[in-house]
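The structure under discussion appears below in the form of C-alpha cells.
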Amino acid sequence: MENKYTFSIIIAVHNAADKIEQNLPIFLQTATEAGAQVIVVDDMSSDETPDVLTRMKAEYPTVLYTTFLPESVIVNPSRLRLAFSIGAKAAKAPYIILASIDRPPLNVGWLYGMADNEASLVYSLRKGNQVVHATTNDVEELRPTILKAERQKGSGHRGRFLKMRRGIYDAVCVHHDHIFDVINMFDRSIGFGKLWRLRFQVFLNSIL
C-alpha cells in the first residue's frame, strides 16, 4: 500500500504538559493541512503530559501517534537520542523531521520545501512571517549547526538576533535513510575549544 505521508514529525517531551497544550495543536493542524504524521515520544513524564497526549490523540487519531521511552539505566546513548530513535522506528514517511515542542510551525510553509533535497534546516523568521529552508544533498554539511545547537546544556536555540548566523533553527528534516546519522549528532558533550570552532563554522556557512 502506498504511503500516505510525506513527512513524519518527531517530538520528544518530558514534563511538558503546558507546552503541549499550547503548541502541539499547531503541529497537528499544520500536519493535517500538509498530509503529515506527528509522533510524540514521552520520556517518563510525571506531570499531566500522558493525559494531555491521550486527549489530543482522541482529537487527531489519524495524525497523532504517541509512544513512550521507558525508564532505563542506559546512559549512552542519551535518553534524547533513544527517544528520537523510537520515534524514527515508528515513522511511516520518507522524510523525517526532528522538532521541538518549544518551536511550533510558523505556517504550513514550515513543511513545504523541506523535501527538495536529502536534508534541510527550517528557520522561522518572525519578522515578516517568513520561513526559510537551508537545503543540502550532503547531510554532513548540517553537522556543525546541529552539534552546536543540540549539544548537552546548549543554548543554541535561545534568542532571535542573527539566528541563522548563530545556528538557531526550528527543526531539521532528513530523508529516512539518513535519520539515525542525524540523531547521533544530538545531545553531545562538546568542549569549549570545539564549541568555538563550531560557532565559527556556523558563521561561515551562514555567509557563504
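In the C-alpha cells, each chain is lettered A, B, ... as it comes, each chain's residues begin at 1, and ligands are numbered from 1 in order of appearance.
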From segment 25-140 of chain A, collect each residue whose DSSP state is strand (DSSP E) and return the set as a ChimeraX atom specification.
/A:37-42,64-68,95-99,119-125,130-136
Once you have the residues from the selection above, write them out as a compact mmCIF listing (two decimals), in the first residue's frame, restricted to C-alpha atoms.
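Okay, result_9.txt is ready:
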```txt
# COMPACT_ATOMS: atom_id res chain seq x y z
CA GLN A 37 2.24 12.47 10.67
CA VAL A 38 3.17 13.68 14.17
CA ILE A 39 4.93 11.30 16.56
CA VAL A 40 5.33 12.33 20.20
CA VAL A 41 7.66 10.32 22.42
CA ASP A 42 7.07 10.85 26.15
CA LEU A 64 -1.02 11.86 16.02
CA TYR A 65 0.89 8.79 17.16
CA THR A 66 2.15 8.66 20.75
CA THR A 67 4.61 6.33 22.41
CA PHE A 68 6.95 6.48 25.38
CA TYR A 95 11.16 12.34 5.22
CA ILE A 96 11.56 12.66 8.98
CA ILE A 97 11.56 15.94 10.90
CA LEU A 98 13.12 16.27 14.35
CA ALA A 99 11.31 19.11 16.07
CA ALA A 119 18.31 17.24 4.29
CA SER A 120 17.27 20.71 5.35
CA LEU A 121 17.05 23.08 8.28
CA VAL A 122 13.98 25.28 8.69
CA TYR A 123 14.17 28.79 10.09
CA SER A 124 11.06 30.73 11.13
CA LEU A 125 11.66 34.46 10.79
CA GLN A 130 8.64 34.12 6.71
CA VAL A 131 10.03 30.60 6.65
CA VAL A 132 13.45 29.85 5.14
CA HIS A 133 14.86 26.41 4.31
CA ALA A 134 18.57 25.67 4.10
CA THR A 135 18.75 22.53 1.97
CA THR A 136 21.62 20.21 1.09
```
For Ser100 of chain A: contacts at 10 Å, only C-alpha atoms, fewer than 3 positions along chain excluded, given as a ChimeraX atom specification
/A:9-13,23-24,97,103-105,170-172
With all heavy atoms kept, could you save the residues just selected as an mmCIF file, in the first residue's frame?
```
data_model
loop_
_atom_site.group_PDB
_atom_site.id
_atom_site.type_symbol
_atom_site.label_atom_id
_atom_site.label_comp_id
_atom_site.auth_asym_id
_atom_site.auth_seq_id
_atom_site.Cartn_x
_atom_site.Cartn_y
_atom_site.Cartn_z
ATOM 1 N N ILE A 9 6.836 13.946 11.708
ATOM 2 C CA ILE A 9 7.414 14.928 12.626
ATOM 3 C C ILE A 9 7.561 14.272 13.994
ATOM 4 O O ILE A 9 6.571 13.859 14.595
ATOM 5 C CB ILE A 9 6.524 16.172 12.740
ATOM 6 C CG1 ILE A 9 6.247 16.761 11.360
ATOM 7 C CG2 ILE A 9 7.170 17.207 13.661
ATOM 8 C CD1 ILE A 9 5.163 17.833 11.366
ATOM 9 N N ILE A 10 8.802 14.169 14.487
ATOM 10 C CA ILE A 10 9.058 13.524 15.772
ATOM 11 C C ILE A 10 9.381 14.580 16.824
ATOM 12 O O ILE A 10 10.235 15.446 16.611
ATOM 13 C CB ILE A 10 10.229 12.524 15.671
ATOM 14 C CG1 ILE A 10 9.939 11.477 14.587
ATOM 15 C CG2 ILE A 10 10.467 11.841 17.011
ATOM 16 C CD1 ILE A 10 11.089 10.526 14.342
ATOM 17 N N ILE A 11 8.689 14.487 17.958
ATOM 18 C CA ILE A 11 8.901 15.410 19.066
ATOM 19 C C ILE A 11 9.089 14.592 20.335
ATOM 20 O O ILE A 11 8.256 13.737 20.657
ATOM 21 C CB ILE A 11 7.691 16.350 19.253
ATOM 22 C CG1 ILE A 11 7.359 17.066 17.940
ATOM 23 C CG2 ILE A 11 7.958 17.364 20.362
ATOM 24 C CD1 ILE A 11 6.026 17.805 17.978
ATOM 25 N N ALA A 12 10.186 14.821 21.049
ATOM 26 C CA ALA A 12 10.434 14.170 22.335
ATOM 27 C C ALA A 12 10.065 15.151 23.445
ATOM 28 O O ALA A 12 10.453 16.319 23.396
ATOM 29 C CB ALA A 12 11.896 13.756 22.455
ATOM 30 N N VAL A 13 9.316 14.677 24.453
ATOM 31 C CA VAL A 13 8.860 15.569 25.521
ATOM 32 C C VAL A 13 9.112 14.942 26.890
ATOM 33 O O VAL A 13 9.159 13.712 27.030
ATOM 34 C CB VAL A 13 7.357 15.895 25.378
ATOM 35 C CG1 VAL A 13 7.092 16.649 24.097
ATOM 36 C CG2 VAL A 13 6.507 14.633 25.455
ATOM 37 N N ASN A 23 1.312 24.263 22.106
ATOM 38 C CA ASN A 23 1.969 24.182 20.793
ATOM 39 C C ASN A 23 1.639 22.947 19.963
ATOM 40 O O ASN A 23 1.703 23.011 18.730
ATOM 41 C CB ASN A 23 3.483 24.263 20.972
ATOM 42 C CG ASN A 23 3.938 25.619 21.453
ATOM 43 O OD1 ASN A 23 3.257 26.625 21.236
ATOM 44 N ND2 ASN A 23 5.083 25.671 22.114
ATOM 45 N N LEU A 24 1.302 21.822 20.603
ATOM 46 C CA LEU A 24 1.046 20.618 19.812
ATOM 47 C C LEU A 24 -0.121 20.802 18.841
ATOM 48 O O LEU A 24 -0.045 20.299 17.707
ATOM 49 C CB LEU A 24 0.820 19.409 20.717
ATOM 50 C CG LEU A 24 0.713 18.064 19.992
ATOM 51 C CD1 LEU A 24 1.950 17.793 19.135
ATOM 52 C CD2 LEU A 24 0.499 16.920 20.993
ATOM 53 N N ILE A 97 11.229 14.647 10.310
ATOM 54 C CA ILE A 97 11.558 15.943 10.900
ATOM 55 C C ILE A 97 11.742 15.773 12.397
ATOM 56 O O ILE A 97 10.880 15.216 13.077
ATOM 57 C CB ILE A 97 10.436 16.964 10.625
ATOM 58 C CG1 ILE A 97 10.298 17.183 9.114
ATOM 59 C CG2 ILE A 97 10.715 18.278 11.344
ATOM 60 C CD1 ILE A 97 9.066 17.977 8.726
ATOM 61 N N ARG A 103 9.143 25.031 19.647
ATOM 62 C CA ARG A 103 9.223 25.810 18.409
ATOM 63 C C ARG A 103 8.252 25.257 17.370
ATOM 64 O O ARG A 103 8.635 24.510 16.467
ATOM 65 C CB ARG A 103 10.662 25.804 17.885
ATOM 66 C CG ARG A 103 11.644 26.487 18.828
ATOM 67 C CD ARG A 103 13.062 26.470 18.299
ATOM 68 N NE ARG A 103 13.615 25.118 18.237
ATOM 69 C CZ ARG A 103 14.090 24.458 19.282
ATOM 70 N NH1 ARG A 103 14.063 25.005 20.482
ATOM 71 N NH2 ARG A 103 14.593 23.251 19.163
ATOM 72 N N PRO A 104 6.974 25.604 17.500
ATOM 73 C CA PRO A 104 5.963 25.087 16.569
ATOM 74 C C PRO A 104 6.076 25.737 15.198
ATOM 75 O O PRO A 104 6.732 26.770 15.044
ATOM 76 C CB PRO A 104 4.645 25.467 17.252
ATOM 77 C CG PRO A 104 4.980 26.713 18.007
ATOM 78 C CD PRO A 104 6.395 26.513 18.505
ATOM 79 N N PRO A 105 5.435 25.161 14.193
ATOM 80 C CA PRO A 105 5.467 25.744 12.844
ATOM 81 C C PRO A 105 4.876 27.146 12.822
ATOM 82 O O PRO A 105 3.871 27.425 13.478
ATOM 83 C CB PRO A 105 4.602 24.779 12.028
ATOM 84 C CG PRO A 105 4.609 23.507 12.797
ATOM 85 C CD PRO A 105 4.702 23.885 14.235
ATOM 86 N N ASP A 170 14.606 25.893 13.737
ATOM 87 C CA ASP A 170 13.401 25.361 14.374
ATOM 88 C C ASP A 170 13.300 23.843 14.280
ATOM 89 O O ASP A 170 12.753 23.205 15.180
ATOM 90 C CB ASP A 170 12.161 25.989 13.746
ATOM 91 C CG ASP A 170 12.055 27.474 14.076
ATOM 92 O OD1 ASP A 170 12.076 27.806 15.264
ATOM 93 O OD2 ASP A 170 11.978 28.283 13.153
ATOM 94 N N ALA A 171 13.773 23.276 13.193
ATOM 95 C CA ALA A 171 13.677 21.823 13.019
ATOM 96 C C ALA A 171 14.648 21.391 11.938
ATOM 97 O O ALA A 171 15.092 22.193 11.116
ATOM 98 C CB ALA A 171 12.247 21.421 12.647
ATOM 99 N N VAL A 172 14.968 20.105 11.949
ATOM 100 C CA VAL A 172 15.818 19.529 10.914
ATOM 101 C C VAL A 172 15.034 18.415 10.231
ATOM 102 O O VAL A 172 14.345 17.628 10.880
ATOM 103 C CB VAL A 172 17.147 18.995 11.495
ATOM 104 C CG1 VAL A 172 16.910 17.981 12.599
ATOM 105 C CG2 VAL A 172 18.009 18.388 10.398
#
```
From the DSSP assignment of the backbone, select every residue of segment 57-185 of chain A that is alpha helix (DSSP H), and format the answer as a PyMOL selection string.
chain A and resi 57-59+79-90+143-149+163-166+179-183
Any chance you can output those residues with C-alpha atoms as a tab-separated table (two decimals), in the first residue's frame?
```
chain	number	residue	atom	x	y	z
A	57	LYS	CA	-4.80	11.51	20.32
A	58	ALA	CA	-8.58	11.18	20.52
A	59	GLU	CA	-8.96	14.51	18.71
A	79	ARG	CA	17.67	9.44	26.51
A	80	LEU	CA	17.01	12.12	23.89
A	81	ARG	CA	18.69	10.05	21.20
A	82	LEU	CA	16.81	6.97	22.39
A	83	ALA	CA	13.51	8.86	22.26
A	84	PHE	CA	14.18	10.11	18.73
A	85	SER	CA	15.23	6.60	17.67
A	86	ILE	CA	11.97	5.13	18.97
A	87	GLY	CA	10.09	7.80	17.05
A	88	ALA	CA	12.11	7.15	13.89
A	89	LYS	CA	11.27	3.44	14.01
A	90	ALA	CA	7.57	4.34	14.13
A	143	ARG	CA	26.78	18.74	11.37
A	144	PRO	CA	28.31	21.99	12.73
A	145	THR	CA	24.90	23.63	13.16
A	146	ILE	CA	23.25	20.60	14.75
A	147	LEU	CA	26.16	19.87	17.08
A	148	LYS	CA	26.27	23.50	18.21
A	149	ALA	CA	22.53	23.91	18.70
A	163	LYS	CA	19.56	33.49	14.30
A	164	MET	CA	20.86	31.82	11.12
A	165	ARG	CA	24.40	33.00	11.82
A	166	ARG	CA	24.12	31.74	15.39
A	179	ILE	CA	17.83	9.78	10.13
A	180	PHE	CA	19.99	7.77	12.53
A	181	ASP	CA	23.14	9.58	11.37
A	182	VAL	CA	21.45	12.86	12.30
A	183	ILE	CA	20.03	11.59	15.61
```
Could you give me, as a PyMOL selection string, the residues within 8 Å of Gln152 of chain A, counting only C-alpha atoms and dropping anything in the same chain fewer than 6 positions from it?
chain A and resi 187-190
Take the residues just selected and output them with N, CA and C atoms as a compact mmCIF listing (two decimals), in the first residue's frame.
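Result went into part.txt, see below:
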```txt
# COMPACT_ATOMS: atom_id res chain seq x y z
N ASP A 187 22.57 15.92 21.49
CA ASP A 187 22.85 15.68 22.90
C ASP A 187 24.29 15.20 23.13
N ARG A 188 25.22 15.89 22.48
CA ARG A 188 26.63 15.54 22.61
C ARG A 188 27.33 16.49 23.58
N SER A 189 28.28 15.96 24.33
CA SER A 189 29.11 16.80 25.20
C SER A 189 30.23 17.40 24.35
N ILE A 190 30.30 18.72 24.33
CA ILE A 190 31.27 19.41 23.47
C ILE A 190 32.11 20.36 24.30
```
Could you work out how far atom CA of Ser45 of chain A lies from atom CA of Tyr60 of chain A, giving the answer in Å with one decimal?
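Answer for the atom CA of Tyr60 of chain A to atom CA of Ser45 of chain A separation: 21.1 Å.
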For Asn137 of chain A, which residue among A:Val108, A:Val174, A:Ala93, A:Ile101 is the nearest when counting only C-alpha atoms?
A:Val174
Could you give me, as number ranges by chain, the residues within 9 Å of Val52 of chain A, counting only C-alpha atoms and dropping anything in the same chain fewer than 6 positions from it?
A: 17, 20-21
Take the selection from the previous step and output its residues with N, CA, C and O atoms, as a JSON list (two decimals), in the first residue's frame.
```json
[["chain", "number", "residue", "atom", "x", "y", "z"],
["A", 17, "ALA", "N", 3.53, 19.36, 29.82],
["A", 17, "ALA", "CA", 2.08, 19.42, 29.61],
["A", 17, "ALA", "C", 1.63, 20.78, 29.11],
["A", 17, "ALA", "O", 0.82, 20.88, 28.17],
["A", 20, "ILE", "N", 2.74, 21.36, 25.55],
["A", 20, "ILE", "CA", 1.97, 20.50, 24.65],
["A", 20, "ILE", "C", 0.59, 21.09, 24.40],
["A", 20, "ILE", "O", 0.11, 21.13, 23.27],
["A", 21, "GLU", "N", -0.06, 21.54, 25.47],
["A", 21, "GLU", "CA", -1.37, 22.18, 25.35],
["A", 21, "GLU", "C", -1.30, 23.38, 24.41],
["A", 21, "GLU", "O", -2.19, 23.61, 23.59]]
```
Length of the atom CA of Glu48 of chain A to atom CA of Ile168 of chain A vector [Å]
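Spanning atom CA of Glu48 of chain A to atom CA of Ile168 of chain A is a straight-line distance of 29.3 Å.
Computed from the coordinates, the atom CA of Gly113 of chain A to atom CA of Leu195 of chain A distance equals 29.8 Å.
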Shortest interatomic distance to Ala115 of chain A - which of A:Arg197, A:Pro25, A:His178, A:Pro94, counting only C-alpha atoms
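The answer is A:Pro94, which sits nearest to Ala115 of chain A.
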